[in-house]
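Trainee: Next comes the structure file protein_11.cif, holding mmCIF, C-alpha atoms and all ligand atoms.
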```
data_data
loop_
_atom_site.label_atom_id
_atom_site.label_comp_id
_atom_site.auth_asym_id
_atom_site.auth_seq_id
_atom_site.Cartn_x
_atom_site.Cartn_y
_atom_site.Cartn_z
CA MET J 24 -15.46 13.77 -17.23
CA ARG J 25 -14.96 16.45 -14.62
CA ARG J 26 -11.72 18.37 -15.08
CA ASP J 27 -12.39 21.74 -13.53
CA SER J 28 -11.54 23.04 -10.11
CA ALA J 29 -14.02 22.59 -7.31
CA THR J 30 -16.73 24.90 -6.08
CA PRO J 31 -18.43 25.57 -9.42
CA GLY J 32 -21.26 28.00 -9.16
CA LEU J 33 -19.79 30.03 -6.31
CA ARG J 34 -19.74 33.70 -7.24
CA PRO J 35 -18.55 36.42 -7.28
CA THR J 36 -14.77 36.15 -7.78
CA THR J 37 -14.18 38.06 -4.55
CA THR J 38 -15.84 35.13 -2.74
CA ILE J 39 -14.24 32.33 -4.70
CA LEU J 40 -10.64 33.51 -4.56
CA PRO J 41 -10.02 33.13 -0.81
CA LEU J 42 -11.78 29.76 -0.95
CA LEU J 43 -9.53 28.53 -3.74
CA VAL J 44 -6.42 29.74 -1.93
CA ALA J 45 -7.57 27.88 1.17
CA LEU J 46 -8.28 24.73 -0.85
CA VAL J 47 -4.87 24.75 -2.53
CA ALA J 48 -3.20 25.31 0.86
CA LEU J 49 -5.18 22.43 2.34
CA VAL J 50 -4.24 20.04 -0.45
CA GLY J 51 -0.62 21.14 -0.18
CA CYS J 52 -0.59 20.24 3.53
CA ALA J 53 -2.00 16.83 2.72
CA ARG J 54 1.02 15.98 0.62
CA PRO J 55 3.76 15.06 3.04
CA GLY J 56 5.68 13.57 0.14
CA GLY J 57 6.38 17.06 -1.17
CA PRO J 58 5.33 18.80 -4.32
CA GLY J 59 4.31 15.97 -6.60
CA GLY J 60 1.59 17.68 -8.51
CA THR J 61 0.56 20.78 -10.30
CA ALA J 62 -2.28 22.78 -8.85
CA GLY J 63 -5.06 24.11 -11.04
CA ALA J 64 -6.88 22.61 -14.00
CA LYS J 65 -5.17 22.67 -17.39
CA ALA J 66 -6.93 23.52 -20.60
CA ASP J 67 -4.42 21.58 -22.74
CA GLY J 68 -6.28 18.29 -22.58
CA ARG J 69 -3.70 16.39 -20.53
CA PRO J 70 -5.52 14.24 -17.99
CA ARG J 71 -4.68 14.90 -14.36
CA VAL J 72 -3.99 11.68 -12.48
CA ALA J 73 -3.93 11.45 -8.68
CA LEU J 74 -1.88 8.76 -7.00
CA VAL J 75 -3.40 8.26 -3.54
CA MET J 76 -1.30 6.10 -1.26
CA LYS J 77 -1.05 5.11 2.37
CA SER J 78 1.63 6.15 4.87
CA LEU J 79 4.55 7.94 3.25
CA ALA J 80 6.49 7.09 6.42
CA ASN J 81 6.58 3.57 4.96
CA GLU J 82 9.35 3.33 2.36
CA VAL J 83 7.14 1.20 0.08
CA PHE J 84 5.01 4.23 -0.64
CA ALA J 85 7.99 6.55 -0.97
CA THR J 86 9.27 4.11 -3.61
CA MET J 87 5.87 4.16 -5.32
CA ALA J 88 5.88 7.96 -5.30
CA ASP J 89 9.39 8.08 -6.80
CA GLY J 90 8.45 5.61 -9.52
CA ALA J 91 5.33 7.59 -10.40
CA ARG J 92 7.18 10.92 -10.50
CA ALA J 93 9.92 9.49 -12.72
CA HIS J 94 7.30 8.06 -15.07
CA GLN J 95 5.46 11.36 -15.32
CA ALA J 96 8.69 13.34 -15.79
CA GLY J 97 9.38 11.30 -18.92
CA ARG J 98 5.83 11.82 -20.22
CA SER J 99 4.88 15.29 -19.04
CA ASP J 100 3.15 15.92 -22.37
CA ARG J 101 0.80 13.00 -21.67
CA TYR J 102 -0.51 13.68 -18.20
CA GLU J 103 -0.27 15.66 -15.00
CA LEU J 104 0.41 13.89 -11.72
CA ILE J 105 -0.62 14.66 -8.16
CA VAL J 106 1.01 12.50 -5.49
CA ASN J 107 -0.66 12.06 -2.11
CA GLY J 108 -0.04 10.00 0.98
CA MET J 109 -1.22 9.69 4.54
CA ARG J 110 0.65 10.42 7.74
CA ASN J 111 0.10 7.02 9.32
CA GLU J 112 -1.14 3.56 8.42
CA THR J 113 -4.44 3.58 10.27
CA ASP J 114 -6.08 6.94 9.58
CA VAL J 115 -8.61 5.85 6.97
CA PHE J 116 -10.49 9.11 7.37
CA GLU J 117 -7.44 11.01 6.13
CA GLN J 118 -7.49 8.94 2.95
CA VAL J 119 -11.21 9.60 2.46
CA THR J 120 -10.44 13.31 2.76
CA LEU J 121 -7.67 12.97 0.16
CA ILE J 122 -10.09 11.29 -2.25
CA GLU J 123 -12.54 14.16 -1.82
CA GLN J 124 -9.78 16.72 -2.34
CA MET J 125 -8.69 15.02 -5.55
CA VAL J 126 -12.22 15.10 -6.91
CA ALA J 127 -12.35 18.79 -6.02
CA ARG J 128 -9.13 19.34 -7.95
CA GLY J 129 -10.75 17.95 -11.05
CA VAL J 130 -8.64 14.84 -11.56
CA ALA J 131 -9.56 12.50 -14.40
CA ALA J 132 -8.36 9.42 -12.53
CA ILE J 133 -7.56 8.33 -8.99
CA VAL J 134 -5.02 5.52 -8.70
CA ILE J 135 -5.39 4.36 -5.12
CA ALA J 136 -3.69 2.01 -2.67
CA PRO J 137 -6.57 1.77 -0.18
CA ALA J 138 -5.80 1.89 3.53
CA ASP J 139 -8.90 -0.22 4.13
CA SER J 140 -10.61 -2.47 1.61
CA LYS J 141 -14.15 -1.46 2.61
CA ALA J 142 -14.17 1.92 4.36
CA VAL J 143 -12.96 4.01 1.40
CA VAL J 144 -15.42 2.53 -1.12
CA PRO J 145 -18.25 5.09 -0.53
CA ALA J 146 -15.83 8.00 -1.15
CA LEU J 147 -14.53 6.29 -4.30
CA LYS J 148 -18.09 5.71 -5.47
CA ARG J 149 -18.79 9.43 -5.07
CA ALA J 150 -15.63 10.12 -7.10
CA ALA J 151 -16.77 7.74 -9.85
CA ASP J 152 -20.21 9.36 -9.87
CA ALA J 153 -18.45 12.70 -10.42
CA GLY J 154 -16.83 11.18 -13.54
CA VAL J 155 -13.47 10.17 -12.07
CA LEU J 156 -11.92 6.88 -13.17
CA VAL J 157 -10.89 4.75 -10.17
CA VAL J 158 -7.97 2.32 -10.51
CA ASN J 159 -7.21 0.20 -7.45
CA ILE J 160 -3.56 -0.69 -6.82
CA ASP J 161 -1.64 -2.66 -4.16
CA ASN J 162 -4.47 -3.59 -1.78
CA ARG J 163 -7.61 -4.94 -3.41
CA LEU J 164 -10.95 -3.34 -2.59
CA ASP J 165 -13.48 -5.80 -1.20
CA PRO J 166 -15.20 -7.38 -4.24
CA ALA J 167 -18.56 -7.80 -2.44
CA VAL J 168 -18.59 -4.16 -1.29
CA LEU J 169 -17.72 -3.04 -4.83
CA VAL J 170 -20.69 -4.97 -6.19
CA GLU J 171 -23.01 -3.65 -3.45
CA SER J 172 -21.84 -0.10 -4.17
CA ASP J 173 -22.06 -0.57 -7.93
CA LEU J 174 -18.47 0.62 -8.30
CA ALA J 175 -16.15 -0.74 -10.99
CA ALA J 176 -12.45 -0.40 -10.17
CA PRO J 177 -9.87 -2.58 -11.91
CA PHE J 178 -7.19 -3.99 -9.60
CA VAL J 179 -3.53 -3.66 -10.51
CA GLY J 180 -1.27 -5.39 -8.01
CA PRO J 181 0.43 -8.56 -6.86
CA ASP J 182 -0.84 -11.90 -5.69
CA ASN J 183 -0.19 -11.25 -2.01
CA ARG J 184 -1.09 -14.74 -0.86
CA GLU J 185 1.40 -16.26 -3.25
CA GLY J 186 4.13 -13.77 -2.31
CA ALA J 187 3.67 -14.46 1.40
CA ARG J 188 3.56 -18.20 0.76
CA LEU J 189 6.96 -17.98 -0.91
CA ALA J 190 8.39 -16.16 2.12
CA GLY J 191 6.85 -18.68 4.53
CA GLU J 192 8.19 -21.58 2.49
CA ALA J 193 11.71 -20.17 2.51
CA VAL J 194 11.63 -19.93 6.32
CA ALA J 195 10.02 -23.36 6.67
CA ALA J 196 12.82 -24.89 4.61
CA ARG J 197 15.17 -23.99 7.46
CA LEU J 198 13.01 -25.54 10.21
CA GLU J 199 12.02 -29.02 11.33
CA ALA J 200 8.37 -30.11 11.22
CA GLY J 201 6.69 -29.25 14.52
CA ALA J 202 8.75 -26.07 15.05
CA GLU J 203 6.84 -23.18 16.62
CA VAL J 204 6.14 -20.10 14.52
CA ALA J 205 4.12 -16.91 15.04
CA ILE J 206 2.47 -14.68 12.45
CA ILE J 207 2.32 -10.90 12.83
CA GLU J 208 -0.27 -9.74 10.33
CA GLY J 209 -1.22 -6.32 8.97
CA ILE J 210 -4.49 -4.45 9.37
CA VAL J 211 -7.12 -7.18 9.40
CA THR J 212 -9.61 -5.25 7.26
CA ALA J 213 -7.06 -4.82 4.46
CA PHE J 214 -7.49 -7.53 1.84
CA ASN J 215 -3.76 -7.78 1.18
CA GLY J 216 -3.19 -8.14 4.93
CA GLN J 217 -5.64 -11.04 4.99
CA GLN J 218 -4.06 -12.60 1.92
CA ARG J 219 -0.53 -12.39 3.29
CA ALA J 220 -1.61 -13.98 6.58
CA LEU J 221 -3.23 -16.79 4.59
CA GLY J 222 -0.13 -17.26 2.44
CA LEU J 223 2.10 -17.49 5.52
CA GLU J 224 -0.32 -20.00 7.04
CA ASP J 225 -0.39 -22.03 3.82
CA ALA J 226 3.38 -22.43 3.96
CA ALA J 227 3.48 -23.18 7.71
CA ILE J 228 0.73 -25.80 7.45
CA ALA J 229 2.29 -27.43 4.38
CA ALA J 230 5.60 -27.78 6.26
CA GLY J 231 3.95 -29.14 9.42
CA LEU J 232 4.97 -26.14 11.55
CA ARG J 233 3.00 -25.22 14.70
CA ILE J 234 1.43 -21.76 14.50
CA VAL J 235 1.39 -20.73 18.16
CA ALA J 236 0.16 -17.15 17.69
CA ARG J 237 -1.36 -14.87 15.08
CA GLN J 238 -1.68 -11.19 15.98
CA SER J 239 -2.11 -7.91 14.14
CA GLY J 240 0.73 -5.40 14.27
CA GLN J 241 -1.38 -3.05 12.10
CA TRP J 242 1.52 -2.75 9.61
CA GLU J 243 3.52 -0.72 12.16
CA MET J 244 7.03 -1.18 13.49
CA GLU J 245 6.40 -0.15 17.06
CA LYS J 246 3.29 -2.30 17.47
CA ALA J 247 5.09 -5.31 16.03
CA ASN J 248 8.03 -4.68 18.34
CA GLY J 249 5.77 -4.93 21.39
CA ILE J 250 4.00 -8.01 20.06
CA ALA J 251 7.26 -9.77 19.21
CA ALA J 252 8.71 -9.00 22.66
CA SER J 253 5.67 -10.62 24.32
CA LEU J 254 5.73 -13.59 21.95
CA LEU J 255 9.38 -14.24 22.74
CA THR J 256 8.60 -14.25 26.47
CA GLU J 257 5.49 -16.40 26.16
CA HIS J 258 6.98 -18.95 23.76
CA PRO J 259 10.50 -19.99 24.80
CA ALA J 260 10.66 -22.44 21.89
CA LEU J 261 9.56 -19.96 19.23
CA ALA J 262 11.63 -20.66 16.10
CA ALA J 263 10.32 -18.06 13.64
CA ILE J 264 8.28 -14.87 13.38
CA LEU J 265 6.57 -14.33 10.03
CA CYS J 266 5.58 -10.71 9.37
CA ALA J 267 3.21 -9.39 6.73
CA ASN J 268 5.41 -6.38 5.93
CA ASP J 269 8.94 -5.11 6.48
CA SER J 270 7.98 -2.30 8.89
CA MET J 271 6.72 -4.96 11.30
CA ALA J 272 9.73 -7.20 10.59
CA LEU J 273 12.01 -4.30 11.57
CA GLY J 274 10.13 -3.98 14.86
CA ALA J 275 10.29 -7.72 15.46
CA ALA J 276 14.00 -7.79 14.58
CA ALA J 277 14.74 -5.31 17.38
CA ALA J 278 12.79 -7.47 19.84
CA ILE J 279 14.62 -10.61 18.73
CA GLU J 280 17.96 -8.85 19.09
CA ALA J 281 17.03 -7.61 22.57
CA SER J 282 16.12 -11.18 23.59
CA GLY J 283 19.50 -12.50 22.48
CA ARG J 284 17.75 -15.48 20.86
CA LYS J 285 18.14 -16.96 17.40
CA VAL J 286 14.69 -16.73 15.81
CA LEU J 287 14.11 -16.71 12.04
CA LEU J 288 12.26 -13.71 10.66
CA SER J 289 10.43 -12.92 7.42
CA GLY J 290 9.01 -9.71 5.99
CA PHE J 291 7.36 -8.39 2.85
CA ASP J 292 8.24 -5.33 0.70
CA ASN J 293 12.04 -5.34 0.47
CA VAL J 294 12.27 -1.72 1.61
CA PRO J 295 15.79 -0.21 1.64
CA ALA J 296 15.85 -0.29 5.46
CA VAL J 297 15.96 -4.11 5.56
CA ALA J 298 19.09 -4.38 3.38
CA PRO J 299 21.52 -4.57 6.36
CA LEU J 300 19.29 -7.15 8.08
CA LEU J 301 19.28 -9.33 4.98
CA ALA J 302 23.03 -8.91 4.65
CA ASP J 303 23.77 -10.26 8.13
CA GLY J 304 20.91 -12.76 8.30
CA ARG J 305 18.75 -11.05 10.94
CA LEU J 306 16.04 -11.13 8.27
CA ALA J 307 15.84 -14.54 6.62
CA VAL J 308 13.67 -13.43 3.72
CA THR J 309 11.43 -10.72 2.31
CA VAL J 310 9.33 -10.27 -0.81
CA ASP J 311 9.86 -7.49 -3.33
CA GLN J 312 6.63 -6.20 -4.80
CA HIS J 313 8.47 -3.51 -6.79
CA GLY J 314 6.47 -0.55 -5.49
CA ASP J 315 7.82 1.81 -8.16
CA ARG J 316 6.69 -0.46 -11.00
CA LEU J 317 3.39 -1.20 -9.26
CA ALA J 318 2.44 2.50 -9.11
CA VAL J 319 3.47 2.97 -12.74
CA ALA J 320 1.42 -0.06 -13.81
CA GLY J 321 -1.63 1.52 -12.13
CA ILE J 322 -1.03 4.89 -13.76
CA GLU J 323 -0.53 3.30 -17.18
CA ALA J 324 -3.74 1.32 -16.77
CA ALA J 325 -5.56 4.57 -15.94
CA LEU J 326 -4.05 6.41 -18.93
CA ASP J 327 -4.91 3.54 -21.29
CA ILE J 328 -8.51 3.42 -20.07
CA LEU J 329 -8.87 7.21 -20.27
CA ALA J 330 -7.52 7.13 -23.83
CA GLY J 331 -9.97 4.38 -24.75
CA ALA J 332 -7.03 2.08 -25.52
CA ALA J 333 -7.95 -0.52 -22.88
CA THR J 334 -11.00 -1.77 -21.07
CA PRO J 335 -10.91 -1.79 -17.28
CA GLU J 336 -9.52 -5.17 -16.26
CA ASP J 337 -7.27 -6.52 -13.52
CA ARG J 338 -3.52 -6.69 -14.08
CA THR J 339 -1.21 -8.84 -11.91
CA THR J 340 2.18 -7.36 -11.03
CA PRO J 341 5.23 -9.43 -10.06
CA VAL J 342 6.53 -10.43 -6.63
CA ASP J 343 10.03 -11.76 -6.08
CA LEU J 344 11.55 -13.54 -3.13
CA VAL J 345 14.65 -11.88 -1.64
CA THR J 346 16.70 -14.16 0.58
CA GLY J 347 19.04 -13.02 3.33
CA ALA J 348 22.34 -14.47 4.44
CA PRO J 349 21.93 -17.86 6.18
C1 LIG J 401 0.46 -2.66 1.94
C2 LIG J 401 1.69 -2.50 1.11
C3 LIG J 401 2.93 -2.65 1.91
C4 LIG J 401 2.90 -1.88 3.17
C5 LIG J 401 1.60 -2.06 3.90
C6 LIG J 401 1.49 -1.07 5.02
O1 LIG J 401 -0.67 -2.29 1.26
O2 LIG J 401 1.65 -3.42 0.07
O3 LIG J 401 3.21 -3.97 2.16
O4 LIG J 401 3.97 -2.18 4.01
O5 LIG J 401 0.51 -1.87 3.06
O6 LIG J 401 1.15 0.18 4.57
#
```
What is this structure when it is put down as structure tokens?
Ligand code: ALL
Mentor:
Amino acid sequence: MRRDSATPGLRPTTTILPLLVALVALVGCARPGGPGGTAGAKADGRPRVALVMKSLANEVFATMADGARAHQAGRSDRYELIVNGMRNETDVFEQVTLIEQMVARGVAAIVIAPADSKAVVPALKRAADAGVLVVNIDNRLDPAVLVESDLAAPFVGPDNREGARLAGEAVAARLEAGAEVAIIEGIVTAFNGQQRALGLEDAAIAAGLRIVARQSGQWEMEKANGIAASLLTEHPALAAILCANDSMALGAAAAIEASGRKVLLSGFDNVPAVAPLLADGRLAVTVDQHGDRLAVAGIEAALDILAGAATPEDRTTPVDLVTGAP
């Protein structure tokens, strides 16, 4: 297990010191969520765990970060925590850099919500080869790529297809068979994005709805806003827009409001920002994946495995339907 700081072998101290200062500064900049961790390796045997998430601009990941920090604060004798996130949803390279920085900081485990199910695997494999335990949360890494790369990473997270199916079903229950619906999906190379799109489709097909469009809003509010505006123009009979996350539902909600039409809307995440939309019915339904508990479940899995108290295996976390005013 590698627990020391990076750059072993560089000497003398006059050379290493400026490098370490630069490294700590760099890692600090990469933590837009604020000071979540403690720099420097500890000799007291507590494992250092890195939580590596996606965009901290998305409240889901802010919730995850809060849950993880609260967990660690109550168990500071057990482990150290470093919290990281990206600046936007699509910059996979930034996440790869974060993984490399965490290895350099000598973490014992990386608990990661991957921005892409394939692209980050080589960096995680390098981390594992350096002795770092990898626990995959939220968005499952591609099983075939894991096998090809000979990387073992237990998955801790929800059944996204099932969660999305529940949301789609709740919307469908308010529509007649044959009604037109559109799906705004997440990043298409993210496994959970694919699963949510499938779950929404499952529900629409089962209810006999007509899926007139399926487009990627790349998890982002602004992109979904533009897509929803075009969909509303192109499909005068559109009855519902089903979104794979709440950021995109917020964007679509603004487009629906601007159109003055009554179109049902679903999301996924139950972020605090959708509460007023649920309260007045602009959002028919969302799905709570309990980001705070999800992050903690991943961290606990990592701590158990590190302590030899568990073998690496998948753990399913809950999803709950949250229904808005009719
Ligand atoms: C998924 C998360 C959230 C989030 C989306 C965009 O992995 O589960 O649904 O909204 O990524 O970052």
Trainee: If we draw a sphere of 8 Å around (10.4, -22.6, 9.9), which residues have at least one atom in it when counting only C-alpha atoms? Please report them as an MDAnalysis selection string.
Mentor: chainID J and resid 191:200 202:204 227 230 232 262:263 287
Trainee: Restricting the output to C-alpha atoms, write the selected residues as an mmCIF file, in the frame of the given file.
Mentor:
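Result went into selection_39.cif, see below:
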```cif
data_model
loop_
_atom_site.group_PDB
_atom_site.id
_atom_site.type_symbol
_atom_site.label_atom_id
_atom_site.label_comp_id
_atom_site.auth_asym_id
_atom_site.auth_seq_id
_atom_site.Cartn_x
_atom_site.Cartn_y
_atom_site.Cartn_z
ATOM 1 C CA GLY J 191 6.850 -18.680 4.530
ATOM 2 C CA GLU J 192 8.190 -21.580 2.490
ATOM 3 C CA ALA J 193 11.710 -20.170 2.510
ATOM 4 C CA VAL J 194 11.630 -19.930 6.320
ATOM 5 C CA ALA J 195 10.020 -23.360 6.670
ATOM 6 C CA ALA J 196 12.820 -24.890 4.610
ATOM 7 C CA ARG J 197 15.170 -23.990 7.460
ATOM 8 C CA LEU J 198 13.010 -25.540 10.210
ATOM 9 C CA GLU J 199 12.020 -29.020 11.330
ATOM 10 C CA ALA J 200 8.370 -30.110 11.220
ATOM 11 C CA ALA J 202 8.750 -26.070 15.050
ATOM 12 C CA GLU J 203 6.840 -23.180 16.620
ATOM 13 C CA VAL J 204 6.140 -20.100 14.520
ATOM 14 C CA ALA J 227 3.480 -23.180 7.710
ATOM 15 C CA ALA J 230 5.600 -27.780 6.260
ATOM 16 C CA LEU J 232 4.970 -26.140 11.550
ATOM 17 C CA ALA J 262 11.630 -20.660 16.100
ATOM 18 C CA ALA J 263 10.320 -18.060 13.640
ATOM 19 C CA LEU J 287 14.110 -16.710 12.040
#
```
Trainee: Could you please extract the residues within 8 Å of ligand LIG 401 (chain J), counting all atoms listed in the file, and hand them back as a ChimeraX atom specification?
Mentor: /J:77-78,81-84,112,136-138,161-162,209,213,215-216,241-243,267-270,291-292,312,314
Trainee: Go ahead and compute the interatomic distance for atom CA of J:Leu254 and atom CA of J:Gly186, in Å to one decimal.
Mentor: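 It comes out at 24.3 Å.
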Trainee: Please determine, counting all atoms listed in the file, which residue among J:Asp337, J:Leu169, J:Pro177, J:Thr86 has the shortest atom-to-atom distance to J:His313.
Mentor: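 The answer is J:Thr86, which sits nearest to J:His313.
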Trainee: Name all residues at most 9 Å from J:Val134 (count all atoms listed in the file; drop same-chain ones fewer than 3 positions away) and give them as an MDAnalysis selection string.
Mentor: chainID J and resid 72:76 156:160 318 321:322 325
Trainee: Can you work out the spacing between atom CA of J:Gly97 and atom CA of J:Ile135 in Å, to one decimal?
Mentor: 21.4 Å
Trainee: I'd like to know which of J:Asp343, J:Asp100, J:Glu323, J:Asp311 is closest to J:Pro295, using all atoms listed in the file.
Mentor: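 Ranking J:Asp343, J:Asp100, J:Glu323, J:Asp311 by distance to J:Pro295, first place goes to J:Asp311.
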Trainee: So which one's closest to J:Leu306, J:Ser289, J:Thr212, J:Thr339, J:Asn111? Using all atoms listed in the file, please.
Mentor: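 When distances to J:Leu306 are compared using all atoms listed in the file, the smallest one comes from J:Ser289.
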Trainee: Might you pull out every residue within 9 Å of J:Met244, with all atoms listed in the file counted and same-chain residues fewer than 5 positions away left off, and present them as an NGL selection string?
Mentor: :J and (249 or 269-275)
Trainee: Keeping only C-alpha atoms, write the selected residues as a PDB file, keeping the file's coordinate frame.
Mentor:
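Below you can see selection_25.pdb, which holds the result:
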```pdb
ATOM      1  CA  GLY J 249       5.770  -4.930  21.390  1.00  0.00           C
ATOM      2  CA  ASP J 269       8.940  -5.110   6.480  1.00  0.00           C
ATOM      3  CA  SER J 270       7.980  -2.300   8.890  1.00  0.00           C
ATOM      4  CA  MET J 271       6.720  -4.960  11.300  1.00  0.00           C
ATOM      5  CA  ALA J 272       9.730  -7.200  10.590  1.00  0.00           C
ATOM      6  CA  LEU J 273      12.010  -4.300  11.570  1.00  0.00           C
ATOM      7  CA  GLY J 274      10.130  -3.980  14.860  1.00  0.00           C
ATOM      8  CA  ALA J 275      10.290  -7.720  15.460  1.00  0.00           C
TER       9      ALA J 275
END
```
Trainee: Provide the atom CA of J:Ala348 to atom CA of J:Ala307 distance in Å, to one decimal place.
Mentor: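 Atom-to-atom, atom CA of J:Ala348 and atom CA of J:Ala307 are spaced 6.9 Å apart.
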Trainee: Of the candidates J:Val294, J:Ala167, J:Ile264, J:Val235, which shows the shortest atom-to-atom distance to J:Ser140, using only C-alpha atoms?
Mentor: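 Comparing J:Val294, J:Ala167, J:Ile264, J:Val235 against J:Ser140, the winner is J:Ala167.
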Trainee: For a quick check of understanding, using all atoms listed in the file, which of J:Ile206, J:Val345, J:Ala176, J:Val211 has the smallest distance to J:Gly304?
Mentor: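 Closest to J:Gly304 of all the choices is J:Val345.
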Trainee: Considering only C-alpha atoms, state which residue in the set J:Val130, J:Met87, J:Cys266, J:Ala278 is at the smallest distance from J:Asn248.
Mentor: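 Closest to J:Asn248, using only C-alpha atoms: J:Ala278.
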Trainee: Could you name the residues that touch J:Arg237 at 9 Å or less, counting all atoms listed in the file, but leaving out those on the same chain fewer than 4 positions away, as a VMD selection string?
Mentor: chain J and resid 205 to 208 220
Trainee: Can you spit out the residues from that selection as an mmCIF file, in the coordinates of the input, using C-alpha atoms?
Mentor:
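Just written: again24.cif:
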```cif
data_model
loop_
_atom_site.group_PDB
_atom_site.id
_atom_site.type_symbol
_atom_site.label_atom_id
_atom_site.label_comp_id
_atom_site.auth_asym_id
_atom_site.auth_seq_id
_atom_site.Cartn_x
_atom_site.Cartn_y
_atom_site.Cartn_z
ATOM 1 C CA ALA J 205 4.120 -16.910 15.040
ATOM 2 C CA ILE J 206 2.470 -14.680 12.450
ATOM 3 C CA ILE J 207 2.320 -10.900 12.830
ATOM 4 C CA GLU J 208 -0.270 -9.740 10.330
ATOM 5 C CA ALA J 220 -1.610 -13.980 6.580
#
```
Trainee: Excluding stretch 141-154 of chain J and its own-chain neighbours fewer than 5 positions away, which residues fall within 9 Å of it when counting only C-alpha atoms? Please give them as a ChimeraX atom specification.
Mentor: /J:24-26,115-116,118-120,122-123,125-126,131-133,164-165,168-169,172-175,212-213
